[in-house]
$ cat protein-v8.cif   # mmCIF, C-alpha atoms
data_coords
#
loop_
_atom_site.label_atom_id
_atom_site.label_comp_id
_atom_site.auth_asym_id
_atom_site.auth_seq_id
_atom_site.Cartn_x
_atom_site.Cartn_y
_atom_site.Cartn_z
CA MET F 930 -15.98 -0.66 -7.77
CA ALA F 931 -17.93 -3.53 -6.33
CA ILE F 932 -16.55 -5.73 -3.59
CA MET F 933 -15.85 -8.61 -5.93
CA GLU F 934 -13.84 -6.32 -8.18
CA ARG F 935 -11.57 -5.02 -5.42
CA GLY F 936 -10.91 -8.08 -3.38
CA ASN F 937 -7.61 -9.59 -4.45
CA THR F 938 -8.13 -13.10 -3.17
CA GLN F 939 -5.01 -14.47 -1.54
CA GLY F 940 -4.15 -18.07 -2.17
CA ALA F 941 -4.38 -20.48 0.71
CA ARG F 942 -1.09 -21.45 2.28
CA GLY F 943 0.15 -24.81 1.17
CA GLN F 944 -0.27 -27.60 3.63
CA PRO F 945 2.69 -29.93 4.31
CA ALA F 946 2.42 -33.15 2.36
CA ALA F 947 1.84 -36.27 4.38
CA GLN F 948 4.83 -38.53 4.60
CA SER F 949 4.45 -41.81 2.79
CA GLU F 950 6.26 -43.79 5.42
CA GLU F 951 7.42 -43.25 8.96
CA ARG F 952 11.09 -43.07 9.67
CA ARG F 953 12.58 -44.81 12.61
CA PRO F 954 14.33 -42.45 15.00
CA GLU F 955 18.08 -42.53 14.75
CA GLU F 956 19.90 -44.12 17.62
CA ALA F 957 21.44 -41.58 19.97
CA PRO F 958 25.23 -41.74 20.08
CA SER F 959 26.86 -43.00 23.25
CA GLU F 960 28.23 -40.61 25.84
CA GLU F 961 31.79 -41.59 24.91
CA ALA F 962 31.14 -40.96 21.24
CA ARG F 963 29.69 -37.53 21.99
CA GLU F 964 32.73 -36.61 24.09
CA HIS F 965 35.18 -37.60 21.38
CA HIS F 966 33.22 -36.34 18.41
CA HIS F 967 34.63 -33.12 17.00
CA GLN F 968 33.14 -31.39 14.04
CA ALA F 969 35.67 -30.57 11.38
CA PRO F 970 36.10 -26.84 10.92
CA VAL F 971 34.39 -25.43 7.86
CA LYS F 972 36.91 -24.16 5.38
CA GLU F 973 36.33 -21.75 2.61
CA ARG F 974 36.66 -23.14 -0.85
CA PRO F 975 40.07 -22.15 -2.19
CA ASP F 976 38.60 -20.94 -5.44
CA GLU F 977 36.16 -18.55 -3.74
CA ASP F 978 37.24 -14.93 -3.63
CA PRO F 979 35.60 -12.76 -0.89
CA GLY F 980 35.53 -9.92 -3.37
CA GLU F 981 33.55 -12.05 -5.81
CA ARG F 982 31.02 -12.93 -3.12
CA THR F 983 30.59 -9.25 -2.26
CA ALA F 984 30.11 -8.33 -5.92
CA ALA F 985 27.52 -11.09 -6.34
CA ALA F 986 25.62 -9.86 -3.28
CA MET F 987 25.61 -6.34 -4.66
CA LEU F 988 24.27 -7.53 -8.00
CA ASP F 989 21.41 -9.25 -6.17
CA ASP F 990 20.36 -5.87 -4.75
CA PRO F 991 17.60 -4.42 -7.00
CA GLN F 992 18.67 -0.87 -6.10
CA VAL F 993 22.22 -1.56 -7.32
CA ARG F 994 20.92 -3.12 -10.53
CA ARG F 995 18.66 -0.12 -11.06
CA TRP F 996 21.54 2.32 -10.68
CA MET F 997 23.67 0.23 -13.04
CA TRP F 998 20.88 0.42 -15.61
CA ARG F 999 20.65 4.20 -15.13
CA ALA F 1000 24.41 4.58 -15.54
CA GLY F 1001 24.43 2.48 -18.70
CA ALA F 1002 21.48 4.29 -20.24
CA ALA F 1003 22.90 7.70 -19.32
CA ALA F 1004 26.32 6.82 -20.72
CA GLY F 1005 24.86 5.51 -23.98
CA ALA F 1006 22.64 8.53 -24.52
CA GLY F 1007 25.43 10.92 -23.51
CA VAL F 1008 27.98 9.41 -25.87
CA LEU F 1009 25.51 9.46 -28.77
CA ALA F 1010 24.64 13.11 -28.15
CA ALA F 1011 28.34 14.01 -27.77
CA VAL F 1012 29.21 12.37 -31.10
CA LEU F 1013 26.33 14.00 -32.96
CA LEU F 1014 26.42 17.41 -31.27
CA SER F 1015 28.97 18.28 -28.57
CA TRP F 1016 30.36 16.92 -25.30
CA ARG F 1017 28.48 19.58 -23.28
CA ILE F 1018 25.16 18.50 -24.75
CA GLY F 1019 26.16 14.87 -24.23
CA ALA F 1020 26.78 15.50 -20.51
CA ALA F 1021 23.45 17.33 -20.20
CA VAL F 1022 21.62 14.46 -21.90
CA ALA F 1023 23.22 11.91 -19.56
CA ILE F 1024 22.12 13.92 -16.51
CA LEU F 1025 18.58 14.28 -17.86
CA VAL F 1026 18.32 10.52 -18.39
CA VAL F 1027 19.21 9.86 -14.73
CA VAL F 1028 16.90 12.60 -13.41
CA GLY F 1029 14.02 11.44 -15.60
CA ASP F 1030 14.30 7.86 -14.39
CA LEU F 1031 14.46 9.01 -10.75
CA VAL F 1032 11.26 11.02 -11.19
CA ARG F 1033 9.51 8.11 -12.88
CA SER F 1034 10.57 5.72 -10.13
CA SER F 1035 9.38 8.09 -7.38
CA ARG F 1036 5.94 8.25 -8.95
CA ARG F 1037 5.69 4.45 -8.89
CA SER F 1038 6.97 4.05 -5.33
CA SER F 1039 4.52 2.85 -2.70
CA SER F 1040 4.60 1.18 0.72
CA VAL F 1041 2.10 -1.37 -0.63
CA THR F 1042 3.73 -3.82 -3.04
CA ALA F 1043 0.50 -4.41 -4.97
CA TRP F 1044 0.30 -0.69 -5.78
CA GLN F 1045 3.77 -0.57 -7.33
CA LYS F 1046 2.79 -2.63 -10.38
CA SER F 1047 0.37 -0.22 -12.04
CA SER F 1048 -0.55 3.46 -12.20
CA ALA F 1049 -2.78 3.02 -9.18
CA ALA F 1050 -4.97 5.85 -7.91
CA GLU F 1051 -4.19 4.54 -4.42
CA ARG F 1052 -0.55 5.49 -4.83
CA ARG F 1053 -1.45 9.09 -5.69
CA THR F 1054 -3.50 9.45 -2.51
CA GLU F 1055 -0.76 7.78 -0.49
CA LYS F 1056 1.69 10.41 -1.68
CA GLN F 1057 -0.62 13.24 -0.57
CA LEU F 1058 -1.15 11.75 2.88
CA LYS F 1059 2.58 11.51 3.64
CA SER F 1060 2.80 15.27 4.22
CA LEU F 1061 0.10 15.10 6.92
CA GLN F 1062 2.29 13.13 9.31
CA ARG F 1063 3.90 16.31 10.61
CA ASN F 1064 0.39 17.52 11.53
CA GLY F 1065 -0.21 14.52 13.77
CA TYR F 1066 -1.95 12.21 11.29
CA LEU F 1067 -1.14 8.50 11.13
CA VAL F 1068 -2.07 6.38 8.12
CA LEU F 1069 -2.49 2.67 7.43
CA HIS F 1070 -2.75 1.59 3.80
CA ALA F 1071 -4.61 -1.36 2.25
CA ARG F 1072 -6.17 -2.78 5.39
CA ALA F 1073 -8.55 -5.73 5.27
CA VAL F 1074 -11.90 -5.44 7.01
CA PRO F 1075 -12.74 -8.75 8.71
CA ARG F 1076 -16.33 -9.76 8.17
CA ASP F 1077 -16.64 -12.59 10.68
CA ASP F 1078 -14.91 -14.26 13.61
CA GLU F 1079 -12.75 -16.36 11.29
CA GLY F 1080 -11.16 -13.25 9.81
CA VAL F 1081 -12.72 -13.70 6.37
CA SER F 1082 -12.48 -10.35 4.61
CA ASP F 1083 -14.57 -9.09 1.73
CA GLY F 1084 -13.52 -5.44 1.99
CA ARG F 1085 -10.46 -3.26 1.81
CA ILE F 1086 -9.91 0.23 3.16
CA ASP F 1087 -7.35 1.85 0.88
CA HIS F 1088 -6.27 4.47 3.44
CA LEU F 1089 -7.28 4.50 7.10
CA VAL F 1090 -6.37 7.95 8.40
CA ILE F 1091 -6.25 8.67 12.14
CA GLY F 1092 -5.52 12.20 13.29
CA PRO F 1093 -6.59 15.17 15.42
CA SER F 1094 -9.77 15.70 13.37
CA GLY F 1095 -10.95 12.09 13.61
CA VAL F 1096 -10.77 8.77 11.77
CA TYR F 1097 -11.38 8.43 8.03
CA ALA F 1098 -11.67 5.52 5.63
CA ILE F 1099 -10.60 6.77 2.20
CA ASP F 1100 -11.03 4.69 -0.93
CA SER F 1101 -9.20 5.84 -4.07
CA GLU F 1102 -10.92 5.35 -7.43
CA LYS F 1103 -9.77 5.84 -11.03
CA TRP F 1104 -12.78 6.50 -13.29
CA ASP F 1105 -13.10 7.19 -16.99
CA LYS F 1106 -12.42 10.90 -17.44
CA ARG F 1107 -14.67 11.06 -20.50
CA LEU F 1108 -17.82 10.47 -18.43
CA PRO F 1109 -19.26 13.22 -16.18
CA VAL F 1110 -19.90 12.81 -12.47
CA ARG F 1111 -23.17 14.10 -10.98
CA THR F 1112 -25.41 13.63 -7.97
CA MET F 1113 -29.15 13.65 -7.25
CA SER F 1114 -30.44 14.99 -3.93
CA HIS F 1115 -27.34 13.75 -2.05
CA LEU F 1116 -28.72 10.22 -2.42
CA LYS F 1117 -27.41 9.11 -5.80
CA LEU F 1118 -24.04 9.32 -7.49
CA PHE F 1119 -23.69 8.79 -11.24
CA HIS F 1120 -20.62 8.34 -13.40
CA GLY F 1121 -22.05 8.88 -16.83
CA PRO F 1122 -25.05 6.51 -17.04
CA PHE F 1123 -23.74 4.28 -14.22
CA ASN F 1124 -25.28 4.44 -10.76
CA LYS F 1125 -22.54 4.16 -8.12
CA LYS F 1126 -24.85 3.16 -5.27
CA ASP F 1127 -23.07 -0.16 -4.71
CA ARG F 1128 -19.70 1.55 -4.50
CA LEU F 1129 -20.96 4.05 -1.91
CA ASP F 1130 -22.66 1.32 0.11
CA GLU F 1131 -19.44 -0.67 0.12
CA ALA F 1132 -17.42 2.31 1.38
CA ARG F 1133 -19.99 2.97 4.10
CA TRP F 1134 -20.01 -0.70 5.16
CA GLU F 1135 -16.21 -0.80 5.40
CA ALA F 1136 -16.19 2.29 7.62
CA GLN F 1137 -18.95 0.90 9.85
CA MET F 1138 -17.09 -2.37 10.29
CA ALA F 1139 -13.86 -0.56 11.10
CA SER F 1140 -15.69 1.67 13.60
CA SER F 1141 -17.17 -1.34 15.39
CA ILE F 1142 -13.85 -3.21 15.50
CA LEU F 1143 -11.90 -0.20 16.79
CA ALA F 1144 -14.48 0.66 19.43
CA GLU F 1145 -14.25 -2.88 20.78
CA GLN F 1146 -10.48 -2.60 20.97
CA VAL F 1147 -10.15 0.82 22.64
CA GLY F 1148 -13.26 0.81 24.81
CA PHE F 1149 -14.91 3.96 23.48
CA GLU F 1150 -16.85 4.97 20.38
CA VAL F 1151 -14.71 5.55 17.29
CA PRO F 1152 -16.69 7.10 14.42
CA VAL F 1153 -15.09 6.40 11.03
CA GLN F 1154 -16.09 8.70 8.17
CA PRO F 1155 -16.12 6.98 4.76
CA SER F 1156 -15.02 8.88 1.68
CA VAL F 1157 -14.18 8.26 -1.98
CA ALA F 1158 -11.36 10.13 -3.73
CA ILE F 1159 -12.01 10.10 -7.50
CA TYR F 1160 -9.29 10.48 -10.13
CA GLY F 1161 -9.98 11.02 -13.82
CA PRO F 1162 -13.20 12.93 -14.46
CA SER F 1163 -13.79 16.50 -13.36
CA ILE F 1164 -15.66 16.78 -10.04
CA PRO F 1165 -17.89 19.91 -10.03
CA TRP F 1166 -17.78 20.39 -6.24
CA LYS F 1167 -15.22 20.44 -3.43
CA VAL F 1168 -16.74 17.88 -1.05
CA MET F 1169 -20.20 16.37 -1.43
CA ARG F 1170 -21.75 13.96 1.06
CA VAL F 1171 -23.75 11.32 -0.83
CA ARG F 1172 -25.41 8.48 1.11
CA ASP F 1173 -23.27 9.48 4.13
CA VAL F 1174 -20.06 9.11 2.08
CA ASP F 1175 -17.86 12.13 1.32
CA VAL F 1176 -17.06 12.35 -2.40
CA TYR F 1177 -14.36 14.63 -3.83
CA ALA F 1178 -11.65 14.89 -6.47
CA GLY F 1179 -8.63 12.75 -5.69
CA ASN F 1180 -6.21 15.68 -5.66
CA ARG F 1181 -8.18 17.21 -2.77
CA ALA F 1182 -7.56 14.33 -0.35
CA ARG F 1183 -5.05 16.30 1.73
CA ALA F 1184 -7.18 19.45 1.86
CA TYR F 1185 -10.21 17.34 2.79
CA LEU F 1186 -8.51 16.29 6.03
CA ARG F 1187 -6.68 19.48 7.00
CA ARG F 1188 -9.64 21.84 7.30
CA ARG F 1189 -11.51 20.09 10.09
CA PRO F 1190 -11.77 20.85 13.81
CA LYS F 1191 -9.64 18.94 16.30
CA ILE F 1192 -11.62 16.32 18.25
CA LEU F 1193 -8.96 13.77 19.30
CA THR F 1194 -5.98 14.15 21.61
CA ASP F 1195 -2.53 12.87 20.68
CA GLY F 1196 -3.06 10.01 23.13
CA ASP F 1197 -6.36 9.07 21.45
CA VAL F 1198 -4.69 9.09 18.04
CA GLN F 1199 -1.91 6.77 19.19
CA ARG F 1200 -4.32 4.42 20.94
CA ILE F 1201 -6.65 4.12 17.95
CA PHE F 1202 -3.73 3.71 15.55
CA GLN F 1203 -2.25 0.85 17.58
CA ALA F 1204 -5.67 -0.85 17.78
CA ALA F 1205 -6.18 -0.48 14.01
CA GLU F 1206 -2.71 -1.81 13.25
CA SER F 1207 -3.48 -4.91 15.31
CA ALA F 1208 -7.15 -5.54 14.47
CA LEU F 1209 -7.22 -4.63 10.77
CA PRO F 1210 -4.65 -6.81 9.00
CA PRO F 1211 -2.89 -5.89 5.74
CA LYS F 1212 -4.93 -6.85 2.68
CA TYR F 1213 -1.76 -7.80 0.81
CA PRO F 1214 0.64 -9.36 3.34
CA ASP F 1215 4.23 -9.50 2.07
#

$ encode --input "protein-v8.cif" --output "structure tokens"
Amino acid sequence: MAIMERGNTQGARGQPAAQSEERRPEEAPSEEAREHHHQAPVKERPDEDPGERTAAAMLDDPQVRRWMWRAGAAAGAGVLAAVLLSWRIGAAVAILVVVGDLVRSSRRSSSVTAWQKSSAAERRTEKQLKSLQRNGYLVLHARAVPRDDEGVSDGRIDHLVIGPSGVYAIDSEKWDKRLPVRTMSHLKLFHGPFNKKDRLDEARWEAQMASSILAEQVGFEVPVQPSVAIYGPSIPWKVMRVRDVDVYAGNRARAYLRRRPKILTDGDVQRIFQAAESALPPKYPD
């Protein structure tokens, strides 16, 4: 995916409108007026019920609304099945409705809001990387790669992984499963008839930029290995390095990181992670 395809351009923040006329400053009250001025106590409206306010606040919570929807759907399906078949089957159907919706919601969950709105390949890699935290790996998702001193960013690292075996920039891709993936002499990557040179060059550039930025922050060299995790088509190898970029099937992202020698201490990992968190801003700020 070329840079222009992946960059979700964020709109510029609105500037405050200029005032059409200047207002004269209000006259300050006298010392005597300030001493004798007492603000009337704020009273609750007599028609407001604290219980109503609490219920309204609960209804504003999307989690509460989601559970209400689950309960309604489960009750409807359960009653229908109980009427047509039996109450035992109705109860089982109601439970299955709740469980099915929980599973579907968990598959769509992501720490990056932009990845919650579609069946993103990024979310599948994110789920794999969560289990690596107990092995000392720290992960930042959807980080922008500044291109110049003004912070203008043309690139995005989907997953910046920092752990005992080093630092990795992983980009997740969803490709058409009907087209085969092949390489030529470790220099070219094809998806069907399409040459993916630009996509590999982009991944390598993002990793190089991140390496340079992190090294400047921590004071020592920080190599960042670029890689592309591909979902969809069958990948006929485990890990292949093409144009200095590691290419592998998306479901191997976790295994790709776990089977590597340890080269960083826990202190190095924490230091690089803190530098990355500060110097590489979120691509999609909330």

$ closest_residue --input "protein-v8.cif" --among "F:Leu1058, F:Leu1069, F:Phe1149, F:Glu1131" --to "Arg1181 (chain F)" --atoms "all atoms listed in the file"
F:Leu1058

$ closest_residue --input "protein-v8.cif" --among "F:Ile1142, F:Ile1091, F:Ala1098, F:Ala1132" --to "Leu1193 (chain F)" --atoms "all atoms listed in the file"
F:Ile1091

$ atom_distance --input "protein-v8.cif" --atom1 "CA of Ile1164 (chain F)" --atom2 "CA of Arg1063 (chain F)"
28.4 Å

$ closest_residue --input "protein-v8.cif" --among "F:Lys1103, F:Arg1111, F:Arg1017, F:Arg1072" --to "Glu1051 (chain F)" --atoms "all atoms listed in the file"
F:Lys1103

$ atom_distance --input "protein-v8.cif" --atom1 "CA of Gly1179 (chain F)" --atom2 "CA of Val1157 (chain F)"
8.0 Å

$ residues_near_point --input "protein-v8.cif" --point "(-11.2, 5.8, 4.0)" --cutoff "12 Å" --atoms "all atoms listed in the file" --output "ChimeraX atom specification"
/F:1051,1054-1055,1058,1068-1074,1084-1091,1095-1102,1129,1131-1140,1152-1158,1174-1176,1182,1185-1186

$ residues_around --input "protein-v8.cif" --residues "Ala1011 (chain F)" --least-positions-apart "5" --cutoff "10 Å" --atoms "all atoms listed in the file" --output "PyMOL selection string"
chain F and resi 1005-1006+1016-1023

$ resolve_selection --input "protein-v8.cif" --expression "the PyMOL selection byres ((chain F and resi 1171) around 10)" --output "compact mmCIF listing (two decimals) with C-alpha atoms, in the frame of the given file"
# COMPACT_ATOMS: atom_id res chain seq x y z
CA THR F 1112 -25.41 13.63 -7.97
CA MET F 1113 -29.15 13.65 -7.25
CA SER F 1114 -30.44 14.99 -3.93
CA HIS F 1115 -27.34 13.75 -2.05
CA LEU F 1116 -28.72 10.22 -2.42
CA LYS F 1117 -27.41 9.11 -5.80
CA LEU F 1118 -24.04 9.32 -7.49
CA LYS F 1126 -24.85 3.16 -5.27
CA LEU F 1129 -20.96 4.05 -1.91
CA SER F 1156 -15.02 8.88 1.68
CA VAL F 1168 -16.74 17.88 -1.05
CA MET F 1169 -20.20 16.37 -1.43
CA ARG F 1170 -21.75 13.96 1.06
CA ARG F 1172 -25.41 8.48 1.11
CA ASP F 1173 -23.27 9.48 4.13
CA VAL F 1174 -20.06 9.11 2.08
CA ASP F 1175 -17.86 12.13 1.32
CA VAL F 1176 -17.06 12.35 -2.40

$ atom_distance --input "protein-v8.cif" --atom1 "CA of Ala1144 (chain F)" --atom2 "CA of Ser1207 (chain F)"
13.0 Å
